[in-house]
$ cat entry.cif   # mmCIF, C-alpha atoms
data_upload
#
loop_
_atom_site.group_PDB
_atom_site.id
_atom_site.type_symbol
_atom_site.label_atom_id
_atom_site.label_comp_id
_atom_site.auth_asym_id
_atom_site.auth_seq_id
_atom_site.Cartn_x
_atom_site.Cartn_y
_atom_site.Cartn_z
ATOM 1 C CA MET A 1 12.273 25.767 -5.379
ATOM 2 C CA ALA A 2 9.127 26.447 -7.372
ATOM 3 C CA ASN A 3 6.041 27.707 -5.607
ATOM 4 C CA VAL A 4 3.413 25.096 -4.775
ATOM 5 C CA ARG A 5 -0.209 25.867 -5.444
ATOM 6 C CA PRO A 6 -1.807 26.434 -2.024
ATOM 7 C CA ALA A 7 -5.238 25.157 -2.999
ATOM 8 C CA MET A 8 -6.397 21.602 -3.556
ATOM 9 C CA SER A 9 -6.082 20.438 -7.150
ATOM 10 C CA GLU A 10 -9.467 20.092 -8.828
ATOM 11 C CA SER A 11 -10.524 16.674 -10.120
ATOM 12 C CA PRO A 12 -13.902 15.308 -11.198
ATOM 13 C CA HIS A 13 -15.882 13.639 -8.460
ATOM 14 C CA PHE A 14 -15.429 9.887 -8.739
ATOM 15 C CA VAL A 15 -18.196 7.462 -7.800
ATOM 16 C CA TRP A 16 -16.934 4.169 -6.399
ATOM 17 C CA ASN A 17 -19.300 1.284 -7.125
ATOM 18 C CA ASP A 18 -19.540 -2.507 -6.839
ATOM 19 C CA GLU A 19 -17.701 -3.025 -10.134
ATOM 20 C CA TRP A 20 -14.677 -1.035 -8.940
ATOM 21 C CA GLU A 21 -14.793 -2.827 -5.597
ATOM 22 C CA THR A 22 -14.645 -6.176 -7.405
ATOM 23 C CA ARG A 23 -11.724 -4.974 -9.521
ATOM 24 C CA TYR A 24 -9.932 -3.696 -6.428
ATOM 25 C CA ARG A 25 -10.219 -7.091 -4.753
ATOM 26 C CA ALA A 26 -8.993 -8.805 -7.918
ATOM 27 C CA LEU A 27 -6.010 -6.455 -8.153
ATOM 28 C CA SER A 28 -5.151 -7.004 -4.498
ATOM 29 C CA TYR A 29 -5.271 -10.786 -4.862
ATOM 30 C CA ASP A 30 -3.262 -10.819 -8.096
ATOM 31 C CA HIS A 31 -0.565 -8.699 -6.495
ATOM 32 C CA VAL A 32 -0.262 -10.656 -3.253
ATOM 33 C CA VAL A 33 0.101 -13.826 -5.329
ATOM 34 C CA ALA A 34 2.855 -12.188 -7.413
ATOM 35 C CA SER A 35 4.625 -10.778 -4.347
ATOM 36 C CA THR A 36 4.418 -14.135 -2.565
ATOM 37 C CA LYS A 37 6.084 -15.876 -5.515
ATOM 38 C CA ALA A 38 8.807 -13.213 -5.549
ATOM 39 C CA LEU A 39 9.388 -13.596 -1.809
ATOM 40 C CA LEU A 40 9.591 -17.384 -2.086
ATOM 41 C CA GLN A 41 12.256 -17.008 -4.766
ATOM 42 C CA ARG A 42 14.270 -14.677 -2.512
ATOM 43 C CA ASP A 43 13.972 -16.841 0.606
ATOM 44 C CA PRO A 44 11.963 -20.088 0.561
ATOM 45 C CA ALA A 45 12.603 -20.541 4.301
ATOM 46 C CA ILE A 46 10.110 -17.766 5.137
ATOM 47 C CA GLY A 47 7.312 -20.057 3.995
ATOM 48 C CA ALA A 48 5.377 -17.237 2.334
ATOM 49 C CA ALA A 49 1.868 -18.293 1.358
ATOM 50 C CA VAL A 50 -1.488 -16.936 0.233
ATOM 51 C CA LEU A 51 -4.862 -18.668 0.516
ATOM 52 C CA LYS A 52 -8.056 -17.594 -1.283
ATOM 53 C CA ILE A 53 -11.012 -17.473 1.140
ATOM 54 C CA GLY A 54 -14.431 -16.229 0.007
ATOM 55 C CA ASN A 55 -14.080 -12.788 -1.575
ATOM 56 C CA GLY A 56 -10.681 -12.321 0.006
ATOM 57 C CA TYR A 57 -7.486 -14.033 1.011
ATOM 58 C CA ALA A 58 -5.139 -14.741 3.898
ATOM 59 C CA LEU A 59 -1.510 -13.692 3.369
ATOM 60 C CA PHE A 60 1.585 -14.846 5.265
ATOM 61 C CA HIS A 61 4.963 -13.213 4.629
ATOM 62 C CA GLY A 62 6.462 -14.098 7.993
ATOM 63 C CA PRO A 63 5.158 -13.562 11.535
ATOM 64 C CA ASP A 64 6.719 -10.097 11.845
ATOM 65 C CA SER A 65 5.787 -8.775 8.404
ATOM 66 C CA ALA A 66 3.383 -5.832 8.222
ATOM 67 C CA MET A 67 1.877 -7.494 5.146
ATOM 68 C CA THR A 68 0.848 -10.634 7.046
ATOM 69 C CA ALA A 69 -2.936 -10.272 7.356
ATOM 70 C CA ALA A 70 -6.184 -11.403 5.753
ATOM 71 C CA SER A 71 -8.198 -9.032 3.592
ATOM 72 C CA SER A 72 -11.764 -8.823 2.201
ATOM 73 C CA ILE A 73 -12.964 -11.718 4.385
ATOM 74 C CA GLY A 74 -16.651 -11.542 5.364
ATOM 75 C CA THR A 75 -17.527 -9.090 2.598
ATOM 76 C CA GLY A 76 -20.117 -11.177 0.758
ATOM 77 C CA ASP A 77 -22.420 -14.101 1.301
ATOM 78 C CA GLY A 78 -21.310 -17.406 2.693
ATOM 79 C CA ASN A 79 -20.612 -19.091 5.988
ATOM 80 C CA PHE A 80 -18.766 -16.484 8.059
ATOM 81 C CA GLU A 81 -17.814 -18.940 10.785
ATOM 82 C CA GLN A 82 -16.294 -21.227 8.164
ATOM 83 C CA GLN A 83 -14.384 -18.350 6.584
ATOM 84 C CA LEU A 84 -13.001 -17.193 9.934
ATOM 85 C CA ALA A 85 -12.058 -20.757 10.860
ATOM 86 C CA ALA A 86 -10.075 -20.990 7.615
ATOM 87 C CA VAL A 87 -8.285 -17.714 8.404
ATOM 88 C CA GLU A 88 -7.453 -18.773 11.944
ATOM 89 C CA ASP A 89 -6.222 -22.200 10.878
ATOM 90 C CA PHE A 90 -4.034 -20.575 8.200
ATOM 91 C CA TYR A 91 -2.273 -18.355 10.742
ATOM 92 C CA LEU A 92 -2.241 -20.540 13.840
ATOM 93 C CA THR A 93 -0.595 -23.417 11.937
ATOM 94 C CA ARG A 94 2.149 -20.893 11.122
ATOM 95 C CA ASN A 95 2.533 -19.824 14.770
ATOM 96 C CA CYS A 96 1.095 -16.402 14.008
ATOM 97 C CA ARG A 97 -1.791 -14.492 15.583
ATOM 98 C CA PRO A 98 -4.696 -14.141 13.120
ATOM 99 C CA ARG A 99 -5.006 -10.614 11.708
ATOM 100 C CA LEU A 100 -7.682 -9.236 9.364
ATOM 101 C CA TRP A 101 -8.423 -5.963 7.604
ATOM 102 C CA THR A 102 -12.019 -4.729 7.819
ATOM 103 C CA ASN A 103 -13.771 -1.804 6.136
ATOM 104 C CA PRO A 104 -17.333 -0.570 5.470
ATOM 105 C CA THR A 105 -17.899 -3.446 3.013
ATOM 106 C CA THR A 106 -17.382 -6.000 5.799
ATOM 107 C CA HIS A 107 -20.706 -7.611 6.763
ATOM 108 C CA PRO A 108 -22.007 -6.559 10.224
ATOM 109 C CA GLY A 109 -22.533 -10.224 11.077
ATOM 110 C CA PHE A 110 -18.867 -10.945 10.440
ATOM 111 C CA LEU A 111 -17.832 -7.970 12.572
ATOM 112 C CA ARG A 112 -19.960 -9.323 15.438
ATOM 113 C CA LEU A 113 -18.277 -12.700 15.016
ATOM 114 C CA LEU A 114 -14.835 -11.082 15.212
ATOM 115 C CA ASP A 115 -15.846 -9.263 18.376
ATOM 116 C CA SER A 116 -17.063 -12.488 19.969
ATOM 117 C CA ARG A 117 -13.738 -14.133 19.107
ATOM 118 C CA GLY A 118 -11.699 -11.450 20.853
ATOM 119 C CA TYR A 119 -10.399 -9.454 17.877
ATOM 120 C CA LYS A 120 -9.166 -5.949 18.741
ATOM 121 C CA PRO A 121 -8.084 -3.069 16.469
ATOM 122 C CA LEU A 122 -4.368 -2.470 15.919
ATOM 123 C CA ALA A 123 -4.386 0.291 13.315
ATOM 124 C CA THR A 124 -6.641 2.348 11.056
ATOM 125 C CA VAL A 125 -5.734 3.743 7.633
ATOM 126 C CA GLN A 126 -7.399 6.067 5.142
ATOM 127 C CA THR A 127 -7.905 4.997 1.520
ATOM 128 C CA TRP A 128 -8.106 7.730 -1.130
ATOM 129 C CA VAL A 129 -9.394 7.629 -4.724
ATOM 130 C CA ARG A 130 -9.342 9.837 -7.810
ATOM 131 C CA PRO A 131 -9.786 9.396 -11.572
ATOM 132 C CA ALA A 132 -6.533 8.834 -13.454
ATOM 133 C CA GLU A 133 -7.229 11.907 -15.566
ATOM 134 C CA PRO A 134 -7.115 14.817 -15.880
ATOM 135 C CA LEU A 135 -3.660 15.020 -14.352
ATOM 136 C CA PRO A 136 -3.480 17.464 -11.431
ATOM 137 C CA GLU A 137 -1.669 20.774 -11.844
ATOM 138 C CA VAL A 138 0.489 20.776 -8.727
ATOM 139 C CA ARG A 139 3.938 22.320 -9.009
ATOM 140 C CA VAL A 140 6.943 20.695 -7.417
ATOM 141 C CA ALA A 141 10.595 21.679 -7.148
ATOM 142 C CA SER A 142 12.253 21.582 -10.572
ATOM 143 C CA ASN A 143 15.484 19.965 -9.296
ATOM 144 C CA ILE A 144 13.821 16.598 -8.524
ATOM 145 C CA GLU A 145 13.954 13.833 -11.131
ATOM 146 C CA VAL A 146 11.856 10.683 -10.705
ATOM 147 C CA ARG A 147 12.906 7.558 -12.608
ATOM 148 C CA ILE A 148 11.527 4.057 -13.004
ATOM 149 C CA VAL A 149 13.899 1.552 -11.373
ATOM 150 C CA GLU A 150 14.704 -1.848 -12.856
ATOM 151 C CA GLU A 151 15.491 -4.931 -10.789
ATOM 152 C CA ARG A 152 19.240 -4.493 -11.333
ATOM 153 C CA ASP A 153 19.011 -1.353 -9.166
ATOM 154 C CA ALA A 154 16.784 -2.959 -6.528
ATOM 155 C CA ASP A 155 19.399 -2.650 -3.770
ATOM 156 C CA THR A 156 19.541 1.144 -4.168
ATOM 157 C CA TRP A 157 15.755 1.387 -4.136
ATOM 158 C CA ILE A 158 15.472 -0.855 -1.058
ATOM 159 C CA GLN A 159 18.181 1.037 0.858
ATOM 160 C CA THR A 160 16.549 4.398 0.091
ATOM 161 C CA VAL A 161 12.936 3.489 0.800
ATOM 162 C CA THR A 162 13.519 1.372 3.916
ATOM 163 C CA ALA A 163 15.690 4.131 5.384
ATOM 164 C CA GLY A 164 12.975 6.683 4.682
ATOM 165 C CA PHE A 165 10.450 4.573 6.586
ATOM 166 C CA GLN A 166 12.771 4.088 9.572
ATOM 167 C CA GLU A 167 14.209 7.597 9.904
ATOM 168 C CA ILE A 168 12.280 9.495 12.588
ATOM 169 C CA ASN A 169 14.580 12.118 14.113
ATOM 170 C CA HIS A 170 17.856 11.631 12.243
ATOM 171 C CA PRO A 171 19.324 9.911 9.153
ATOM 172 C CA LEU A 172 20.186 6.212 9.258
ATOM 173 C CA HIS A 173 23.029 4.519 7.422
ATOM 174 C CA ALA A 174 22.835 0.958 8.760
ATOM 175 C CA PRO A 175 22.582 -2.028 6.395
ATOM 176 C CA VAL A 176 19.047 -3.204 5.642
ATOM 177 C CA PRO A 177 18.198 -6.461 7.464
ATOM 178 C CA LYS A 178 17.705 -9.299 4.987
ATOM 179 C CA ALA A 179 14.100 -10.006 6.018
ATOM 180 C CA MET A 180 13.177 -6.355 5.481
ATOM 181 C CA ALA A 181 14.985 -6.205 2.142
ATOM 182 C CA ASP A 182 13.177 -9.322 0.943
ATOM 183 C CA ALA A 183 9.803 -7.925 1.986
ATOM 184 C CA PHE A 184 10.304 -4.596 0.222
ATOM 185 C CA PHE A 185 11.632 -6.336 -2.898
ATOM 186 C CA SER A 186 8.544 -8.528 -3.155
ATOM 187 C CA PHE A 187 6.171 -5.535 -3.291
ATOM 188 C CA ALA A 188 8.272 -3.464 -5.688
ATOM 189 C CA PHE A 189 9.788 -5.764 -8.299
ATOM 190 C CA ALA A 190 7.239 -8.549 -8.740
ATOM 191 C CA PRO A 191 5.053 -8.521 -11.895
ATOM 192 C CA GLY A 192 2.421 -5.777 -11.724
ATOM 193 C CA PHE A 193 4.585 -3.402 -9.662
ATOM 194 C CA THR A 194 6.620 -0.419 -10.885
ATOM 195 C CA ALA A 195 9.318 0.931 -8.548
ATOM 196 C CA MET A 196 10.444 4.554 -8.782
ATOM 197 C CA LEU A 197 13.266 6.580 -7.241
ATOM 198 C CA ALA A 198 13.480 10.345 -6.781
ATOM 199 C CA PHE A 199 16.866 12.007 -7.269
ATOM 200 C CA ILE A 200 18.334 15.397 -6.389
ATOM 201 C CA ASP A 201 21.700 15.985 -8.074
ATOM 202 C CA GLU A 202 21.934 12.238 -8.791
ATOM 203 C CA GLU A 203 21.447 11.362 -5.103
ATOM 204 C CA PRO A 204 18.494 9.022 -4.371
ATOM 205 C CA VAL A 205 16.297 10.887 -1.887
ATOM 206 C CA GLY A 206 13.048 8.904 -1.856
ATOM 207 C CA GLY A 207 11.077 6.241 -3.632
ATOM 208 C CA GLY A 208 7.699 4.667 -4.150
ATOM 209 C CA VAL A 209 5.728 2.009 -6.017
ATOM 210 C CA LEU A 210 2.826 1.960 -8.454
ATOM 211 C CA ALA A 211 0.782 -1.270 -8.532
ATOM 212 C CA GLN A 212 -1.449 -1.742 -11.593
ATOM 213 C CA ALA A 213 -4.112 -4.140 -12.876
ATOM 214 C CA HIS A 214 -7.796 -4.164 -13.910
ATOM 215 C CA GLN A 215 -7.622 -0.451 -14.923
ATOM 216 C CA LEU A 216 -6.698 0.435 -11.337
ATOM 217 C CA ALA A 217 -3.442 1.880 -10.070
ATOM 218 C CA ILE A 218 -2.381 2.039 -6.419
ATOM 219 C CA LEU A 219 0.241 4.490 -5.172
ATOM 220 C CA ARG A 220 2.014 2.617 -2.371
ATOM 221 C CA THR A 221 5.241 1.968 -0.417
ATOM 222 C CA ALA A 222 6.649 5.502 -0.588
ATOM 223 C CA SER A 223 9.087 7.298 1.697
ATOM 224 C CA THR A 224 11.526 10.230 1.726
ATOM 225 C CA ARG A 225 14.968 10.310 3.317
ATOM 226 C CA PHE A 226 15.050 12.366 6.519
ATOM 227 C CA GLN A 227 17.457 15.064 5.298
ATOM 228 C CA HIS A 228 15.339 15.737 2.184
ATOM 229 C CA ARG A 229 11.910 16.090 3.744
ATOM 230 C CA GLY A 230 10.141 19.366 3.076
ATOM 231 C CA LYS A 231 11.711 19.633 -0.389
ATOM 232 C CA ASP A 232 8.739 18.395 -2.493
ATOM 233 C CA VAL A 233 10.111 14.846 -2.838
ATOM 234 C CA GLN A 234 6.830 13.190 -1.872
ATOM 235 C CA ARG A 235 4.886 15.444 -4.222
ATOM 236 C CA ALA A 236 7.274 14.627 -7.069
ATOM 237 C CA LEU A 237 6.767 10.898 -6.431
ATOM 238 C CA ILE A 238 2.976 11.286 -6.370
ATOM 239 C CA ALA A 239 3.000 13.309 -9.594
ATOM 240 C CA ALA A 240 5.285 10.827 -11.399
ATOM 241 C CA ARG A 241 3.184 7.830 -10.416
ATOM 242 C CA LEU A 242 -0.039 9.560 -11.451
ATOM 243 C CA ARG A 243 1.489 10.344 -14.853
ATOM 244 C CA HIS A 244 2.625 6.746 -15.264
ATOM 245 C CA ALA A 245 -0.817 5.440 -14.240
ATOM 246 C CA ASN A 246 -2.405 7.719 -16.820
ATOM 247 C CA VAL A 247 -0.169 6.794 -19.764
ATOM 248 C CA SER A 248 -0.533 3.103 -18.837
ATOM 249 C CA GLY A 249 -4.277 3.325 -19.522
ATOM 250 C CA ASN A 250 -5.635 3.133 -15.985
ATOM 251 C CA THR A 251 -8.992 4.676 -15.124
ATOM 252 C CA VAL A 252 -8.789 5.000 -11.339
ATOM 253 C CA CYS A 253 -5.965 5.725 -8.870
ATOM 254 C CA LEU A 254 -5.949 4.843 -5.172
ATOM 255 C CA ALA A 255 -3.627 5.501 -2.253
ATOM 256 C CA THR A 256 -3.510 4.770 1.471
ATOM 257 C CA THR A 257 -2.290 7.054 4.248
ATOM 258 C CA SER A 258 -2.599 7.512 7.971
ATOM 259 C CA SER A 259 -6.124 8.264 9.174
ATOM 260 C CA ASP A 260 -4.804 11.541 10.669
ATOM 261 C CA ASP A 261 -5.886 14.464 8.461
ATOM 262 C CA SER A 262 -2.917 16.508 9.685
ATOM 263 C CA ASP A 263 -0.501 13.875 8.377
ATOM 264 C CA HIS A 264 1.777 15.223 5.622
ATOM 265 C CA SER A 265 0.839 12.405 3.236
ATOM 266 C CA SER A 266 -2.879 13.017 3.797
ATOM 267 C CA ARG A 267 -2.479 16.700 2.972
ATOM 268 C CA ASN A 268 -0.592 15.848 -0.203
ATOM 269 C CA MET A 269 -3.259 13.402 -1.349
ATOM 270 C CA ALA A 270 -5.891 16.115 -0.930
ATOM 271 C CA LEU A 271 -3.640 18.582 -2.789
ATOM 272 C CA PHE A 272 -3.489 16.177 -5.735
ATOM 273 C CA GLY A 273 -7.259 15.885 -5.922
ATOM 274 C CA PHE A 274 -7.731 12.551 -4.154
ATOM 275 C CA GLN A 275 -11.037 12.062 -2.339
ATOM 276 C CA LYS A 276 -11.499 10.035 0.824
ATOM 277 C CA LEU A 277 -12.928 6.616 -0.014
ATOM 278 C CA ARG A 278 -13.054 4.839 3.343
ATOM 279 C CA LEU A 279 -11.307 3.897 6.553
ATOM 280 C CA SER A 280 -9.968 0.368 7.039
ATOM 281 C CA SER A 281 -9.017 -1.205 10.363
ATOM 282 C CA LEU A 282 -6.552 -3.978 11.089
ATOM 283 C CA LEU A 283 -7.822 -6.354 13.804
ATOM 284 C CA GLU A 284 -5.846 -9.036 15.624
ATOM 285 C CA ARG A 285 -7.120 -11.904 17.729
ATOM 286 C CA GLN A 286 -6.137 -11.470 21.347
ATOM 287 C CA GLY A 287 -5.756 -14.032 24.107
ATOM 288 C CA ASP A 288 -4.580 -17.614 23.480
#
$ encode --input "entry.cif" --output "structure tokens"
Amino acid sequence: MANVRPAMSESPHFVWNDEWETRYRALSYDHVVASTKALLQRDPAIGAAVLKIGNGYALFHGPDSAMTAASSIGTGDGNFEQQLAAVEDFYLTRNCRPRLWTNPTTHPGFLRLLDSRGYKPLATVQTWVRPAEPLPEVRVASNIEVRIVEERDADTWIQTVTAGFQEINHPLHAPVPKAMADAFFSFAFAPGFTAMLAFIDEEPVGGGVLAQAHQLAILRTASTRFQHRGKDVQRALIAARLRHANVSGNTVCLATTSSDDSDHSSRNMALFGFQKLRLSSLLERQGD
């Protein structure tokens, strides 16, 4: 295994502004629309749907899907009560508790409205940002090969990545539940998404996704199989997606990790020159 540079990779300081925020929202909406269409093709019975509301949208990919939540609501002008009513109607008519992501761009008045309606935080994540170039000089093990995966190999990608997310203390070899397979497919093989697999000696050991649009690229949906953790697999996947984002003409790269700075993914993002952009919180309406 090659030695890894111990210090953080240097990258120019990137200034996030209103233009990039607008592009980020446009990318997010374009991709949830594409993933929703892909999910509907896989299983129409789920009733996947997306609704544009104000600057944001409400997304439904099933009541148990981690993707089911509204985003960028209450981030501009407009009638906040009307926007929240639209979100709540969207979810309650689908027998699902309303859930929304908030961040520092969310208007304080909308946050007060959420508090008055009984919304409580469920999770907090850290978003990172860096320019797409120059590419970071971080060494990874030379025996890892990362390849772009086409839809014909989707089952291998899904099996590898879902297992990596589920494996906590030991490897898993159980079949992937259909609902989970459909969900992962929709955010890896719909238009605008590029799925990648990492291999060691031709064995798939991890995978991830690069989502691209509006000169932005998002590193997302990545995991490593339990028995191959600590072998540079995650770093190889980060490096490969950054290279692909660069050659595809993107200007800015983003990623999301746990809000815990000691988290392995957080440390790797810092190693690759990502800067902290902001924290986002997922809120869910409690009570009736």
$ resolve_selection --input "entry.cif" --expression "the PyMOL selection byres ((chain A and resi 212-217) around 12)" --output "ChimeraX atom specification"
/A:16,19-31,34,128-132,187-188,190-195,209-211,218-220,238,241-256
$ closest_residue --input "entry.cif" --among "A:Ala38, A:Leu122, A:Ala49, A:Ala239" --to "Leu271 (chain A)" --atoms "all atoms listed in the file"
A:Ala239
$ closest_residue --input "entry.cif" --among "A:Ser116, A:Gln126, A:Glu133, A:Arg225" --to "Ile168 (chain A)" --atoms "all atoms listed in the file"
A:Arg225
$ resolve_selection --input "entry.cif" --expression "the PyMOL selection byres ((chain A and resi 153) around 12)" --output "CSV table (one decimal) with C-alpha atoms, in the coordinates of the input"
chain,number,residue,atom,x,y,z
A,147,ARG,CA,12.9,7.6,-12.6
A,148,ILE,CA,11.5,4.1,-13.0
A,149,VAL,CA,13.9,1.6,-11.4
A,150,GLU,CA,14.7,-1.8,-12.9
A,151,GLU,CA,15.5,-4.9,-10.8
A,152,ARG,CA,19.2,-4.5,-11.3
A,154,ALA,CA,16.8,-3.0,-6.5
A,155,ASP,CA,19.4,-2.6,-3.8
A,156,THR,CA,19.5,1.1,-4.2
A,157,TRP,CA,15.8,1.4,-4.1
A,158,ILE,CA,15.5,-0.9,-1.1
A,159,GLN,CA,18.2,1.0,0.9
A,160,THR,CA,16.5,4.4,0.1
A,185,PHE,CA,11.6,-6.3,-2.9
A,188,ALA,CA,8.3,-3.5,-5.7
A,189,PHE,CA,9.8,-5.8,-8.3
A,195,ALA,CA,9.3,0.9,-8.5
A,196,MET,CA,10.4,4.6,-8.8
A,197,LEU,CA,13.3,6.6,-7.2
A,204,PRO,CA,18.5,9.0,-4.4
$ resolve_selection --input "entry.cif" --expression "the PyMOL selection byres ((chain A and resi 233) around 10)" --output "NGL selection string"
:A and (140-141 or 143-146 or 197-200 or 205-207 or 223-225 or 228-232 or 234-239)
$ closest_residue --input "entry.cif" --among "A:Asp115, A:Asp182, A:Glu202, A:Asp64" --to "Arg97 (chain A)" --atoms "only C-alpha atoms"
A:Asp64
$ closest_residue --input "entry.cif" --among "A:Leu59, A:Met269, A:Val125, A:Ala163" --to "Arg94 (chain A)" --atoms "only C-alpha atoms"
A:Leu59
$ closest_residue --input "entry.cif" --among "A:Ala123, A:Gly109, A:Pro136, A:Gly208" --to "Thr162 (chain A)" --atoms "all atoms listed in the file"
A:Gly208
$ atom_distance --input "entry.cif" --atom1 "CA of Ala70 (chain A)" --atom2 "CA of Arg278 (chain A)"
17.8 Å
$ atom_distance --input "entry.cif" --atom1 "CA of His173 (chain A)" --atom2 "CA of Ser142 (chain A)"
27.0 Å
$ residues_near_point --input "entry.cif" --point "(2.1, -13.1, 7.5)" --cutoff "9 Å" --atoms "only C-alpha atoms" --output "list in words"
Ala48, Ala49, Val50, Ala58, Leu59, Phe60, His61, Gly62, Pro63, Asp64, Ser65, Ala66, Met67, Thr68, Ala69, Ala70, Tyr91, Arg94, Cys96, Pro98 and Arg99 of chain A
$ closest_residue --input "entry.cif" --among "A:Ala240, A:Ser258, A:Ser281, A:Asp201" --to "Arg139 (chain A)" --atoms "only C-alpha atoms"
A:Ala240
$ atom_distance --input "entry.cif" --atom1 "CA of Leu277 (chain A)" --atom2 "CA of Leu111 (chain A)"
19.9 Å
$ axis_aligned_box --input "entry.cif" --around "region 229-236 of chain A" --padding-each-side "3 Å" --output "JSON"
{"center_x": 8.4, "center_y": 16.4, "center_z": -1.7, "size_x": 13.0, "size_y": 12.4, "size_z": 16.8}
$ decode --input "entry.cif" --residues "region 220-226 of chain A" --atoms "all heavy atoms" --output "CSV table (one decimal), in the first residue's frame"
chain,number,residue,atom,x,y,z
A,220,ARG,N,-21.6,11.7,-3.9
A,220,ARG,CA,-22.7,11.2,-3.1
A,220,ARG,C,-22.8,9.7,-3.1
A,220,ARG,O,-22.1,9.0,-3.9
A,220,ARG,CB,-24.0,11.8,-3.5
A,220,ARG,CG,-24.4,11.6,-5.0
A,220,ARG,CD,-25.9,11.9,-5.2
A,220,ARG,NE,-26.8,11.1,-4.4
A,220,ARG,CZ,-27.9,11.5,-3.9
A,220,ARG,NH1,-28.4,12.7,-4.2
A,220,ARG,NH2,-28.7,10.6,-3.2
A,221,THR,N,-23.6,9.1,-2.2
A,221,THR,CA,-24.0,7.7,-2.2
A,221,THR,C,-22.8,6.8,-2.3
A,221,THR,O,-22.7,5.9,-3.2
A,221,THR,CB,-25.0,7.4,-3.3
A,221,THR,OG1,-25.9,8.5,-3.5
A,221,THR,CG2,-25.8,6.1,-3.0
A,222,ALA,N,-21.8,6.9,-1.4
A,222,ALA,CA,-20.6,6.1,-1.4
A,222,ALA,C,-20.5,5.2,-0.2
A,222,ALA,O,-20.9,5.7,0.9
A,222,ALA,CB,-19.4,7.0,-1.6
A,223,SER,N,-20.0,4.0,-0.4
A,223,SER,CA,-19.8,3.1,0.8
A,223,SER,C,-18.7,2.1,0.4
A,223,SER,O,-18.3,2.0,-0.8
A,223,SER,CB,-21.0,2.3,1.2
A,223,SER,OG,-21.3,1.3,0.2
A,224,THR,N,-18.1,1.5,1.4
A,224,THR,CA,-17.0,0.5,1.3
A,224,THR,C,-17.5,-0.8,2.0
A,224,THR,O,-18.0,-0.7,3.1
A,224,THR,CB,-15.7,1.0,1.9
A,224,THR,OG1,-15.4,2.3,1.2
A,224,THR,CG2,-14.6,0.0,1.7
A,225,ARG,N,-17.2,-1.9,1.4
A,225,ARG,CA,-17.5,-3.2,2.0
A,225,ARG,C,-16.7,-3.3,3.3
A,225,ARG,O,-15.6,-2.9,3.4
A,225,ARG,CB,-17.3,-4.4,1.1
A,225,ARG,CG,-18.1,-4.4,-0.1
A,225,ARG,CD,-19.6,-4.6,0.2
A,225,ARG,NE,-19.9,-5.7,1.1
A,225,ARG,CZ,-20.3,-6.9,0.7
A,225,ARG,NH1,-20.5,-7.1,-0.7
A,225,ARG,NH2,-20.6,-7.8,1.5
A,226,PHE,N,-17.3,-4.0,4.3
A,226,PHE,CA,-16.7,-4.0,5.6
A,226,PHE,C,-15.3,-4.6,5.6
A,226,PHE,O,-14.4,-4.0,6.3
A,226,PHE,CB,-17.6,-4.9,6.5
A,226,PHE,CG,-17.1,-5.1,7.9
A,226,PHE,CD1,-17.3,-4.2,8.9
A,226,PHE,CD2,-16.4,-6.3,8.3
A,226,PHE,CE1,-16.8,-4.3,10.2
A,226,PHE,CE2,-15.9,-6.5,9.5
A,226,PHE,CZ,-16.1,-5.5,10.5
